file protein.txt (compact mmCIF, C-alpha atoms and all ligand atoms)
# COMPACT_ATOMS: atom_id res chain seq x y z
CA MET A 1 -18.40 -1.07 2.99
CA ASN A 2 -16.41 0.32 5.80
CA LEU A 3 -15.68 3.99 6.03
CA PHE A 4 -12.99 3.81 8.69
CA ARG A 5 -9.81 5.77 8.24
CA SER A 6 -6.44 5.21 9.80
CA MET A 7 -7.21 8.10 12.15
CA ASP A 8 -9.83 5.89 13.78
CA ILE A 9 -7.11 3.53 14.81
CA GLN A 10 -4.75 6.32 15.77
CA SER A 11 -7.30 7.91 18.07
CA GLU A 12 -8.23 4.67 19.81
CA PRO A 13 -7.99 4.93 23.60
CA LYS A 14 -5.35 2.25 23.63
CA LYS A 15 -2.61 1.61 26.13
CA GLU A 16 0.09 3.98 25.03
CA ASN A 17 3.51 2.38 24.93
CA THR A 18 6.16 5.02 24.66
CA GLY A 19 9.02 2.56 25.21
CA ASN A 20 12.34 3.09 26.88
CA GLN A 21 13.08 6.76 27.45
CA SER A 22 16.86 6.32 27.66
CA PRO A 23 18.73 8.01 24.83
CA SER A 24 19.87 4.69 23.43
CA GLU A 25 18.59 1.15 23.71
CA HIS A 26 19.76 -2.01 22.06
CA VAL A 27 17.39 -4.54 20.48
CA LYS A 28 17.79 -7.59 18.28
CA CYS A 29 15.21 -6.70 15.69
CA ILE A 30 13.34 -3.55 14.77
CA ILE A 31 10.37 -3.78 12.44
CA ILE A 32 9.37 -0.57 10.71
CA GLY A 33 5.75 -0.49 9.58
CA SER A 34 2.43 -1.91 10.72
CA GLY A 35 0.67 -3.33 7.68
CA PRO A 36 0.23 -7.05 7.06
CA ALA A 37 3.95 -7.41 6.24
CA GLY A 38 5.15 -5.71 9.43
CA TYR A 39 2.76 -7.52 11.76
CA THR A 40 3.41 -10.91 10.19
CA ALA A 41 7.15 -10.31 10.47
CA ALA A 42 6.53 -9.39 14.13
CA ILE A 43 4.55 -12.57 14.83
CA TYR A 44 7.32 -14.74 13.39
CA ALA A 45 10.18 -12.74 14.89
CA ALA A 46 8.57 -12.77 18.35
CA ARG A 47 8.00 -16.52 18.18
CA ALA A 48 11.66 -16.91 17.22
CA ASN A 49 12.54 -15.06 20.44
CA LEU A 50 13.96 -12.00 18.67
CA LYS A 51 11.96 -9.74 21.02
CA PRO A 52 11.07 -7.40 18.16
CA VAL A 53 10.17 -3.75 18.57
CA LEU A 54 7.70 -2.58 15.94
CA TYR A 55 7.15 1.07 15.03
CA LYS A 56 3.71 1.68 13.63
CA GLY A 57 4.56 4.62 11.39
CA ILE A 58 2.53 7.42 9.87
CA GLN A 59 -0.43 5.29 8.89
CA PRO A 60 -0.86 2.66 11.59
CA GLY A 61 -2.31 -0.45 10.03
CA GLY A 62 -1.13 0.55 6.58
CA GLN A 63 -3.09 0.86 3.34
CA LEU A 64 -5.75 -1.65 4.38
CA THR A 65 -7.12 0.83 6.88
CA THR A 66 -8.22 3.01 3.98
CA THR A 67 -9.83 0.23 1.99
CA THR A 68 -13.23 -1.37 2.24
CA GLU A 69 -14.12 -4.80 3.51
CA VAL A 70 -11.32 -7.33 3.00
CA GLU A 71 -12.80 -10.50 1.58
CA ASN A 72 -9.79 -12.10 -0.03
CA PHE A 73 -7.57 -12.71 2.99
CA PRO A 74 -7.62 -16.44 3.69
CA GLY A 75 -9.32 -17.47 6.90
CA TYR A 76 -11.91 -14.71 7.20
CA THR A 77 -14.87 -16.60 5.81
CA GLU A 78 -17.26 -13.65 6.17
CA GLY A 79 -14.72 -10.96 5.29
CA VAL A 80 -13.31 -8.41 7.71
CA SER A 81 -12.84 -4.66 7.75
CA GLY A 82 -9.26 -3.49 7.15
CA PRO A 83 -8.93 -1.83 10.59
CA LYS A 84 -10.31 -4.92 12.36
CA MET A 85 -7.86 -7.17 10.56
CA MET A 86 -4.99 -4.90 11.57
CA GLU A 87 -6.17 -4.91 15.19
CA ASP A 88 -6.21 -8.70 15.12
CA LEU A 89 -2.72 -8.84 13.63
CA GLU A 90 -1.43 -6.38 16.22
CA LYS A 91 -2.89 -8.40 19.09
CA GLN A 92 -1.41 -11.58 17.65
CA ALA A 93 2.03 -9.92 17.37
CA GLU A 94 1.80 -8.62 20.95
CA ARG A 95 0.66 -11.98 22.25
CA PHE A 96 4.05 -13.44 21.40
CA GLY A 97 6.01 -10.56 22.89
CA THR A 98 6.32 -7.93 20.17
CA GLU A 99 6.65 -4.46 21.62
CA VAL A 100 4.38 -2.36 19.43
CA ARG A 101 5.14 1.34 19.64
CA TRP A 102 3.33 4.38 18.36
CA GLY A 103 5.84 6.48 16.49
CA ILE A 104 7.54 7.15 13.23
CA VAL A 105 11.03 6.13 12.24
CA THR A 106 12.47 9.39 10.98
CA ASP A 107 16.04 8.36 10.13
CA VAL A 108 18.40 5.41 10.03
CA ASP A 109 22.11 4.81 9.84
CA PHE A 110 22.90 1.49 8.23
CA SER A 111 26.59 2.33 7.74
CA LYS A 112 27.57 0.90 11.13
CA ARG A 113 26.70 -2.05 13.32
CA PRO A 114 24.61 -2.30 15.32
CA PHE A 115 22.34 -0.39 12.96
CA ILE A 116 20.97 2.93 14.18
CA VAL A 117 17.27 3.72 14.01
CA ILE A 118 15.92 7.11 15.09
CA ALA A 119 12.30 7.27 16.17
CA ASP A 120 10.31 10.51 16.21
CA ASP A 121 13.51 12.52 15.59
CA GLU A 122 14.55 12.02 19.18
CA ARG A 123 14.93 8.44 20.32
CA THR A 124 18.00 6.52 19.19
CA LEU A 125 17.88 2.75 19.07
CA GLU A 126 20.58 0.28 18.15
CA SER A 127 19.47 -2.89 16.45
CA ASP A 128 21.21 -6.04 15.22
CA SER A 129 18.70 -6.40 12.39
CA VAL A 130 16.03 -4.27 10.76
CA ILE A 131 12.94 -5.36 8.86
CA ILE A 132 11.56 -2.63 6.61
CA ALA A 133 7.82 -2.99 6.04
CA THR A 134 6.91 0.61 5.31
CA GLY A 135 4.62 -0.17 2.37
CA ALA A 136 3.66 2.08 -0.48
CA THR A 137 1.16 4.86 -0.82
CA ALA A 138 -1.27 4.85 -3.71
CA ARG A 139 -1.27 8.01 -5.74
CA TYR A 140 -4.55 9.90 -5.90
CA LEU A 141 -5.47 12.77 -8.18
CA GLY A 142 -5.84 15.16 -5.27
CA LEU A 143 -9.43 16.20 -5.94
CA GLU A 144 -11.56 17.27 -3.01
CA SER A 145 -14.43 15.15 -4.29
CA GLU A 146 -12.10 12.14 -4.45
CA GLU A 147 -11.60 12.37 -0.69
CA LYS A 148 -15.36 12.54 -0.16
CA PHE A 149 -15.97 9.20 -1.87
CA LYS A 150 -13.01 7.21 -0.56
CA GLY A 151 -14.58 3.99 0.67
CA SER A 152 -17.92 4.75 -1.01
CA GLY A 153 -16.97 4.74 -4.68
CA VAL A 154 -13.29 5.66 -4.85
CA SER A 155 -10.63 2.99 -4.46
CA ALA A 156 -7.01 2.43 -5.40
CA CYS A 157 -7.29 -1.36 -5.52
CA ALA A 158 -9.59 -3.19 -7.90
CA THR A 159 -8.59 -6.59 -6.57
CA CYS A 160 -9.60 -5.47 -3.08
CA ASP A 161 -12.80 -3.61 -3.88
CA GLY A 162 -13.96 -4.62 -7.38
CA PHE A 163 -16.32 -7.22 -6.00
CA PHE A 164 -18.55 -4.47 -4.57
CA TYR A 165 -19.21 -3.17 -8.08
CA ARG A 166 -20.43 -6.37 -9.72
CA GLY A 167 -22.74 -5.60 -12.63
CA LYS A 168 -22.12 -1.84 -12.32
CA ASP A 169 -20.35 0.74 -14.46
CA VAL A 170 -16.95 1.85 -13.22
CA ALA A 171 -13.91 3.79 -14.37
CA VAL A 172 -10.18 3.22 -14.01
CA VAL A 173 -7.81 6.18 -14.19
CA GLY A 174 -4.39 5.65 -15.77
CA GLY A 175 -2.82 4.22 -18.86
CA GLY A 176 -0.04 2.04 -17.45
CA ASP A 177 0.24 -1.69 -16.76
CA SER A 178 -1.60 -1.37 -13.46
CA ALA A 179 -4.52 0.48 -15.04
CA CYS A 180 -4.84 -2.16 -17.77
CA GLU A 181 -4.67 -5.00 -15.26
CA GLU A 182 -7.24 -3.33 -13.02
CA ALA A 183 -9.53 -2.66 -16.01
CA LEU A 184 -9.25 -6.28 -17.19
CA TYR A 185 -9.96 -7.55 -13.70
CA LEU A 186 -13.00 -5.28 -13.34
CA ALA A 187 -14.25 -6.13 -16.84
CA GLY A 188 -14.76 -9.69 -15.60
CA MET A 189 -17.38 -8.59 -13.09
CA CYS A 190 -18.63 -5.10 -14.01
CA ARG A 191 -21.05 -4.18 -16.76
CA LYS A 192 -18.82 -1.54 -18.28
CA VAL A 193 -15.33 -0.27 -17.53
CA TYR A 194 -14.13 3.12 -18.75
CA MET A 195 -10.42 3.79 -18.81
CA ILE A 196 -9.68 7.48 -18.31
CA VAL A 197 -6.33 8.20 -19.95
CA ARG A 198 -4.85 11.68 -19.99
CA LYS A 199 -2.73 11.17 -23.11
CA ASP A 200 -3.77 9.97 -26.58
CA HIS A 201 -2.08 6.62 -26.01
CA LEU A 202 -1.53 4.00 -23.33
CA ARG A 203 1.80 3.58 -21.61
CA ALA A 204 1.15 -0.09 -20.80
CA SER A 205 3.01 -3.04 -22.34
CA SER A 206 1.70 -4.10 -25.74
CA ILE A 207 0.36 -7.44 -24.50
CA LEU A 208 -1.83 -5.71 -21.93
CA GLN A 209 -2.93 -3.09 -24.46
CA LYS A 210 -3.97 -5.90 -26.80
CA ARG A 211 -5.97 -7.64 -24.11
CA VAL A 212 -7.71 -4.39 -23.21
CA SER A 213 -8.57 -3.64 -26.83
CA GLU A 214 -9.99 -7.14 -27.23
CA THR A 215 -12.26 -6.83 -24.18
CA PRO A 216 -15.66 -5.63 -25.37
CA ASN A 217 -16.85 -4.00 -22.16
CA ILE A 218 -13.77 -1.78 -21.75
CA GLU A 219 -13.97 1.63 -23.38
CA ILE A 220 -10.85 3.79 -23.41
CA LEU A 221 -11.46 7.51 -23.08
CA PHE A 222 -8.23 9.09 -24.33
CA GLU A 223 -7.21 12.67 -23.62
CA ARG A 224 -9.48 12.94 -20.60
CA ASN A 225 -8.76 14.41 -17.19
CA THR A 226 -11.08 14.05 -14.24
CA LYS A 227 -12.44 17.35 -12.99
CA GLU A 228 -14.88 16.26 -10.31
CA LEU A 229 -16.71 13.30 -8.82
CA ARG A 230 -20.35 13.77 -7.90
CA GLY A 231 -22.99 11.93 -5.97
CA ASP A 232 -25.22 12.18 -2.97
CA LYS A 233 -23.96 9.66 -0.41
CA VAL A 234 -22.22 7.40 -2.89
CA LEU A 235 -20.52 8.10 -6.19
CA GLU A 236 -22.87 8.59 -9.13
CA GLU A 237 -20.92 10.36 -11.87
CA ALA A 238 -17.60 11.82 -12.96
CA VAL A 239 -17.07 15.07 -14.80
CA LEU A 240 -14.27 14.73 -17.35
CA VAL A 241 -12.42 17.34 -19.35
CA LYS A 242 -11.62 16.27 -22.89
CA ARG A 243 -8.48 17.65 -24.56
CA MET A 244 -7.69 19.86 -21.60
CA GLY A 245 -5.93 23.08 -22.56
CA GLN A 246 -6.67 22.62 -26.29
CA PRO A 247 -8.85 25.05 -28.28
CA ASP A 248 -11.55 22.41 -28.58
CA GLU A 249 -11.55 21.53 -24.85
CA SER A 250 -14.93 20.25 -23.68
CA GLU A 251 -16.58 18.62 -20.68
CA GLU A 252 -18.49 15.38 -20.44
CA VAL A 253 -20.15 13.38 -17.70
CA ILE A 254 -19.99 9.62 -17.30
CA LYS A 255 -22.30 7.71 -14.99
CA ILE A 256 -20.22 5.45 -12.78
CA GLU A 257 -20.48 3.93 -9.33
CA GLY A 258 -16.82 3.01 -8.91
CA PHE A 259 -13.73 5.12 -9.61
CA PHE A 260 -10.44 3.24 -9.41
CA LEU A 261 -7.10 5.01 -9.32
CA ALA A 262 -4.22 3.23 -11.05
CA ILE A 263 -1.81 6.10 -11.49
CA GLY A 264 1.04 4.54 -9.59
CA HIS A 265 2.19 4.00 -6.05
CA ILE A 266 4.92 5.72 -4.10
CA PRO A 267 7.00 3.24 -2.10
CA ASN A 268 7.82 4.62 1.34
CA SER A 269 11.56 4.19 1.02
CA ASP A 270 12.99 7.72 1.17
CA ILE A 271 14.94 7.41 4.41
CA PHE A 272 16.58 4.17 3.26
CA LYS A 273 17.69 5.28 -0.18
CA LYS A 274 21.14 6.44 0.81
CA TYR A 275 22.00 2.94 2.04
CA LEU A 276 19.92 0.53 -0.03
CA GLU A 277 19.43 -0.04 -3.73
CA THR A 278 16.07 0.99 -5.10
CA ASP A 279 14.66 0.85 -8.61
CA ASP A 280 13.84 3.97 -10.59
CA ILE A 281 10.46 4.33 -8.85
CA GLY A 282 11.89 3.80 -5.36
CA TYR A 283 11.02 0.15 -4.63
CA ILE A 284 13.73 -1.43 -2.46
CA LYS A 285 15.63 -4.11 -4.33
CA THR A 286 15.87 -7.51 -2.66
CA THR A 287 17.60 -10.70 -3.70
CA PRO A 288 14.94 -12.61 -5.67
CA GLY A 289 13.17 -15.23 -3.59
CA THR A 290 14.33 -13.62 -0.33
CA THR A 291 13.85 -10.38 1.59
CA LYS A 292 17.58 -9.65 1.76
CA THR A 293 18.73 -6.20 0.76
CA LYS A 294 22.29 -5.46 -0.24
CA ILE A 295 23.18 -4.93 3.46
CA PRO A 296 23.25 -8.18 5.44
CA GLY A 297 20.94 -7.77 8.43
CA ILE A 298 18.57 -5.34 6.70
CA PHE A 299 15.47 -6.96 5.20
CA ALA A 300 12.58 -5.52 3.22
CA CYS A 301 9.12 -7.02 2.83
CA GLY A 302 5.65 -6.10 1.62
CA ASP A 303 4.77 -3.32 -0.78
CA VAL A 304 7.95 -1.31 -0.27
CA GLN A 305 9.69 -3.98 -2.33
CA ASP A 306 6.81 -5.40 -4.39
CA LYS A 307 5.34 -3.49 -7.30
CA VAL A 308 3.68 -6.48 -8.91
CA TYR A 309 1.38 -8.29 -6.46
CA ARG A 310 0.68 -5.71 -3.71
CA GLN A 311 -1.86 -7.84 -1.87
CA ALA A 312 -2.32 -8.16 1.88
CA VAL A 313 -1.67 -11.87 1.71
CA THR A 314 1.49 -11.54 -0.38
CA ALA A 315 2.71 -8.78 1.94
CA ALA A 316 2.02 -11.05 4.93
CA GLY A 317 3.88 -13.88 3.20
CA SER A 318 6.93 -11.74 2.61
CA GLY A 319 6.77 -10.50 6.22
CA CYS A 320 7.08 -14.12 7.32
CA GLN A 321 10.06 -14.55 4.98
CA ALA A 322 11.72 -11.43 6.40
CA ALA A 323 11.47 -12.70 9.98
CA ILE A 324 12.88 -16.08 8.99
CA ASP A 325 15.68 -14.37 7.04
CA ALA A 326 16.42 -12.14 10.05
CA GLU A 327 16.40 -15.05 12.50
CA ARG A 328 18.84 -17.03 10.32
CA TYR A 329 21.06 -14.00 9.88
CA LEU A 330 21.16 -13.34 13.64
CA SER A 331 21.83 -16.97 14.53
CA ARG A 332 24.89 -16.89 12.25
CA GLN A 333 26.20 -13.80 14.09
CA LEU A 334 26.44 -15.58 17.45
P1 LIG B 401 2.94 3.79 -14.38
O1 LIG B 401 3.76 4.90 -13.83
O2 LIG B 401 3.54 2.87 -15.34
O3 LIG B 401 1.63 4.38 -15.08
C1 LIG B 401 0.89 5.37 -14.44
C2 LIG B 401 -0.21 5.81 -15.38
O4 LIG B 401 -0.99 6.75 -14.68
C3 LIG B 401 0.28 6.48 -16.66
O5 LIG B 401 -0.57 6.18 -17.72
C4 LIG B 401 0.21 7.95 -16.29
O6 LIG B 401 -0.04 8.78 -17.40
C5 LIG B 401 -1.02 7.97 -15.43
N1 LIG B 401 -1.01 9.10 -14.52
C6 LIG B 401 -0.06 9.44 -13.62
N2 LIG B 401 -0.44 10.54 -12.95
C7 LIG B 401 -1.65 10.88 -13.43
C8 LIG B 401 -2.55 11.93 -13.14
N3 LIG B 401 -2.30 12.83 -12.20
N4 LIG B 401 -3.71 11.99 -13.84
C9 LIG B 401 -4.00 11.07 -14.78
N5 LIG B 401 -3.19 10.04 -15.10
C10 LIG B 401 -2.03 9.95 -14.43
O7 LIG B 401 2.38 3.05 -13.07
P2 LIG B 401 1.85 1.56 -12.91
O8 LIG B 401 1.37 1.46 -11.52
O9 LIG B 401 0.94 1.21 -14.00
O10 LIG B 401 3.16 0.67 -13.05
C11 LIG B 401 4.29 0.89 -12.19
C12 LIG B 401 5.38 -0.09 -12.60
O11 LIG B 401 4.98 -1.42 -12.28
C13 LIG B 401 5.66 -0.07 -14.10
O12 LIG B 401 7.01 -0.29 -14.28
C14 LIG B 401 4.85 -1.23 -14.60
O13 LIG B 401 5.37 -1.77 -15.81
C15 LIG B 401 4.97 -2.23 -13.44
N6 LIG B 401 3.83 -3.13 -13.42
C16 LIG B 401 3.93 -4.29 -14.08
C17 LIG B 401 2.88 -5.17 -14.14
C18 LIG B 401 3.02 -6.41 -14.91
O14 LIG B 401 4.08 -6.62 -15.47
N7 LIG B 401 2.01 -7.24 -14.98
C19 LIG B 401 1.60 -4.89 -13.44
C20 LIG B 401 1.59 -3.60 -12.79
C21 LIG B 401 2.67 -2.78 -12.79
P3 LIG B 401 1.10 9.18 -18.46
O15 LIG B 401 1.33 7.98 -19.30
O16 LIG B 401 0.46 10.33 -19.14
O17 LIG B 401 2.29 9.58 -17.64

call {"tool": "encode", "arguments": {"input": "protein.txt", "output": "structure tokens", "more": "lines below"}}
Ligand code: NDP
result
Amino acid sequence: MNLFRSMDIQSEPKKENTGNQSPSEHVKCIIIGSGPAGYTAAIYAARANLKPVLYKGIQPGGQLTTTTEVENFPGYTEGVSGPKMMEDLEKQAERFGTEVRWGIVTDVDFSKRPFIVIADDERTLESDSVIIATGATARYLGLESEEKFKGSGVSACATCDGFFYRGKDVAVVGGGDSACEEALYLAGMCRKVYMIVRKDHLRASSILQKRVSETPNIEILFERNTKELRGDKVLEEAVLVKRMGQPDESEEVIKIEGFFLAIGHIPNSDIFKKYLETDDIGYIKTTPGTTKTKIPGIFACGDVQDKVYRQAVTAAGSGCQAAIDAERYLSRQL
């Protein structure tokens, strides 16, 4: 498993590209975000001669840089580490002329054309089109011990990392649709799957609840909160609090090697909300089957608009769609 963090990429001694220092520059296409969606959009946009400028954002490389080995991205027959895959995607995007910049887009103004994008609170860019690929951030419980085992027992993606826990005992935290789906997925390969649910009932849809209850190697632990994760180098056990805050509150320990968070994601859409439609969680709404938002010329792809699939390959696919949508939009503006 790889233990790299996004900081490893950030601190790379790489050619620093600080871009044009003039107060305002005009580009055809700005891509915000550097996960599989952003880089794929950049590859396609660059090849379509849109001369895209890509801002890497707070977590260069996106969520994959915090995950373990990626074995389900087509084409990597032996698997690849998340950071390596992101490096490859970045090089591929640059090869076709994408200008990849370190920096964070801190504000936008989509009320006028060209659109205004502010980078690092200080640089103003005008752009004829914008592709939003800012992703989503998995929620974690916030335990110190959770941090310790990220990449060596703790994961927020069963589809990405479940394979490493074949035949082992694992736990999934959460009681929603994602938690049930993750538990069902893991049940197919692990010996035992605990679901740690803080309430006395699941929030998930009834069909998923039924499937969970019919799966013999899933055990639901209701009214449990996680207090601590323990282990030497890798995760070995979790300390749970049963009926926290009740008179009969008690502690128990479960032996597990994998601890999967499924307590929701936070789409990184805050700065766009005043212009674009989002759902109640914050996912940007796009016209089904496209990456078009309600503002022509603004496109959204990857996890910031996808709460169902959330895979690197689906994000990459929608990044491709966004670049094609942007290219078609721009060609109609001429
Ligand atoms: P949800 O918000 O639906 O569920 C989150 C779960 O995590 C809840 O059970 C919640 O508990 C629990 N939780 C939240 N914070 C904590 C915490 N700090 N400690 C312990 N437990 C916690 O998120 P999902 O990701 O499951 O789903 C998001 C949306 O995506 C939903 O609308 C869902 O329906 C949809 N979705 C649909 C799928 C499908 O249709 N196949 C698949 C996946 C998602 P509590 O109930 O106590 O609040």

call {"tool": "residues_near_ligand", "arguments": {"input": "protein.txt", "ligand": "ligand LIG 401 (chain B)", "cutoff": "6 Å", "atoms": "only C-alpha atoms and all ligand atoms", "output": "number ranges by chain"}}
result
A: 141, 174-179, 198-199, 203, 262-264, 307-308

call {"tool": "write_last_selection", "arguments": {"input": "protein.txt", "atoms": "C-alpha atoms", "output": "PDB file, keeping the file's coordinate frame"}}
result
ATOM      1  CA  LEU A 141      -5.470  12.770  -8.180  1.00  0.00           C
ATOM      2  CA  GLY A 174      -4.390   5.650 -15.770  1.00  0.00           C
ATOM      3  CA  GLY A 175      -2.820   4.220 -18.860  1.00  0.00           C
ATOM      4  CA  GLY A 176      -0.040   2.040 -17.450  1.00  0.00           C
ATOM      5  CA  ASP A 177       0.240  -1.690 -16.760  1.00  0.00           C
ATOM      6  CA  SER A 178      -1.600  -1.370 -13.460  1.00  0.00           C
ATOM      7  CA  ALA A 179      -4.520   0.480 -15.040  1.00  0.00           C
ATOM      8  CA  ARG A 198      -4.850  11.680 -19.990  1.00  0.00           C
ATOM      9  CA  LYS A 199      -2.730  11.170 -23.110  1.00  0.00           C
ATOM     10  CA  ARG A 203       1.800   3.580 -21.610  1.00  0.00           C
ATOM     11  CA  ALA A 262      -4.220   3.230 -11.050  1.00  0.00           C
ATOM     12  CA  ILE A 263      -1.810   6.100 -11.490  1.00  0.00           C
ATOM     13  CA  GLY A 264       1.040   4.540  -9.590  1.00  0.00           C
ATOM     14  CA  LYS A 307       5.340  -3.490  -7.300  1.00  0.00           C
ATOM     15  CA  VAL A 308       3.680  -6.480  -8.910  1.00  0.00           C
TER      16      VAL A 308
END

call {"tool": "atom_distance", "arguments": {"input": "protein.txt", "atom1": "CA of Val117 (chain A)", "atom2": "CA of Val105 (chain A)"}}
result
6.9 Å

call {"tool": "atom_distance", "arguments": {"input": "protein.txt", "atom1": "CA of Thr98 (chain A)", "atom2": "CA of Asp270 (chain A)"}}
result
25.5 Å

call {"tool": "residues_around", "arguments": {"input": "protein.txt", "residues": "Lys233 (chain A)", "least_positions_apart": "4", "cutoff": "12 Å", "atoms": "all atoms listed in the file", "output": "PyMOL selection string"}}
result
chain A and resi 3+145+148-153+229+237+257

call {"tool": "atom_distance", "arguments": {"input": "protein.txt", "atom1": "CA of His26 (chain A)", "atom2": "CA of Pro296 (chain A)"}}
result
18.1 Å

call {"tool": "residues_near_point", "arguments": {"input": "protein.txt", "point": "(-18.1, 18.0, -22.5)", "cutoff": "9 Å", "atoms": "only C-alpha atoms", "output": "list in words"}}
result
Val239, Leu240, Val241, Lys242, Glu249, Ser250, Glu251, Glu252 and Val253 of chain A

call {"tool": "residues_around", "arguments": {"input": "protein.txt", "residues": "Ala187 (chain A)", "least_positions_apart": "3", "cutoff": "12 Å", "atoms": "only C-alpha atoms", "output": "ChimeraX atom specification"}}
result
/A:158-159,162-163,165-172,179-184,190-195,211-219

call {"tool": "residues_around", "arguments": {"input": "protein.txt", "residues": "Ala238 (chain A)", "least_positions_apart": "3", "cutoff": "8 Å", "atoms": "all atoms listed in the file", "output": "list in words"}}
result
Thr226, Lys227, Glu228, Leu229, Arg230, Val253, Ile254, Lys255 and Ile256 of chain A

call {"tool": "closest_residue", "arguments": {"input": "protein.txt", "among": "A:Pro247, A:Gly79, A:Gly297, A:Gly103", "to": "Lys28 (chain A)", "atoms": "all atoms listed in the file"}}
result
A:Gly297

call {"tool": "closest_residue", "arguments": {"input": "protein.txt", "among": "A:Val173, A:Val130, A:Gly82, A:Gly142", "to": "Ile196 (chain A)", "atoms": "only C-alpha atoms"}}
result
A:Val173

call {"tool": "residues_around", "arguments": {"input": "protein.txt", "residues": "Ile298 (chain A)", "least_positions_apart": "5", "cutoff": "7 Å", "atoms": "only C-alpha atoms", "output": "PyMOL selection string"}}
result
chain A and resi 129-131+292-293

call {"tool": "closest_residue", "arguments": {"input": "protein.txt", "among": "A:Ser24, A:Ile31, A:Ala42, A:Thr134", "to": "Glu122 (chain A)", "atoms": "only C-alpha atoms"}}
result
A:Ser24

call {"tool": "residues_around", "arguments": {"input": "protein.txt", "residues": "Gly57 (chain A)", "least_positions_apart": "2", "cutoff": "7 Å", "atoms": "only C-alpha atoms", "output": "list in words"}}
result
Gly33, Ser34, Tyr55, Gln59, Pro60, Gly103, Ile104 and Val105 of chain A

call {"tool": "closest_residue", "arguments": {"input": "protein.txt", "among": "A:Thr290, A:Asp279, A:Glu126, A:Tyr309", "to": "Lys112 (chain A)", "atoms": "all atoms listed in the file"}}
result
A:Glu126

call {"tool": "closest_residue", "arguments": {"input": "protein.txt", "among": "A:Ile281, A:Ile271, A:Val80, A:Leu221", "to": "Ile118 (chain A)", "atoms": "all atoms listed in the file"}}
result
A:Ile271

call {"tool": "closest_residue", "arguments": {"input": "protein.txt", "among": "A:Tyr39, A:Leu330, A:Ser205, A:Leu276", "to": "Arg95 (chain A)", "atoms": "only C-alpha atoms"}}
result
A:Tyr39

call {"tool": "decode", "arguments": {"input": "protein.txt", "residues": "region 155-165 of chain A", "atoms": "N, CA, C and O atoms", "output": "CSV table (one decimal), in the first residue's frame"}}
result
chain,number,residue,atom,x,y,z
A,155,SER,N,-9.7,3.9,5.3
A,155,SER,CA,-9.9,4.3,3.9
A,155,SER,C,-11.3,4.9,3.8
A,155,SER,O,-12.2,4.6,4.6
A,156,ALA,N,-11.5,5.7,2.8
A,156,ALA,CA,-12.9,6.3,2.6
A,156,ALA,C,-13.5,5.7,1.3
A,156,ALA,O,-14.4,6.3,0.7
A,157,CYS,N,-12.9,4.7,0.8
A,157,CYS,CA,-13.4,4.1,-0.5
A,157,CYS,C,-13.2,2.6,-0.6
A,157,CYS,O,-12.1,2.1,-0.8
A,158,ALA,N,-14.3,1.9,-0.3
A,158,ALA,CA,-14.2,0.4,-0.4
A,158,ALA,C,-13.8,-0.1,-1.8
A,158,ALA,O,-13.1,-1.0,-2.0
A,159,THR,N,-14.4,0.5,-2.8
A,159,THR,CA,-14.2,0.1,-4.1
A,159,THR,C,-12.7,0.2,-4.5
A,159,THR,O,-12.1,-0.6,-5.2
A,160,CYS,N,-12.1,1.3,-3.9
A,160,CYS,CA,-10.6,1.5,-4.2
A,160,CYS,C,-9.8,0.5,-3.4
A,160,CYS,O,-8.8,0.0,-4.0
A,161,ASP,N,-10.1,0.4,-2.2
A,161,ASP,CA,-9.1,-0.3,-1.3
A,161,ASP,C,-9.6,-1.6,-0.7
A,161,ASP,O,-8.8,-2.3,-0.1
A,162,GLY,N,-10.8,-2.0,-1.0
A,162,GLY,CA,-11.4,-3.3,-0.4
A,162,GLY,C,-10.5,-4.5,-0.7
A,162,GLY,O,-10.3,-5.4,0.1
A,163,PHE,N,-10.0,-4.5,-1.9
A,163,PHE,CA,-9.2,-5.7,-2.4
A,163,PHE,C,-8.1,-6.0,-1.4
A,163,PHE,O,-7.7,-7.2,-1.3
A,164,PHE,N,-7.5,-5.0,-0.8
A,164,PHE,CA,-6.4,-5.3,0.1
A,164,PHE,C,-6.8,-6.0,1.4
A,164,PHE,O,-6.0,-6.4,2.2
A,165,TYR,N,-8.1,-6.1,1.6
A,165,TYR,CA,-8.6,-6.7,2.9
A,165,TYR,C,-9.3,-8.0,2.6
A,165,TYR,O,-10.2,-8.5,3.4
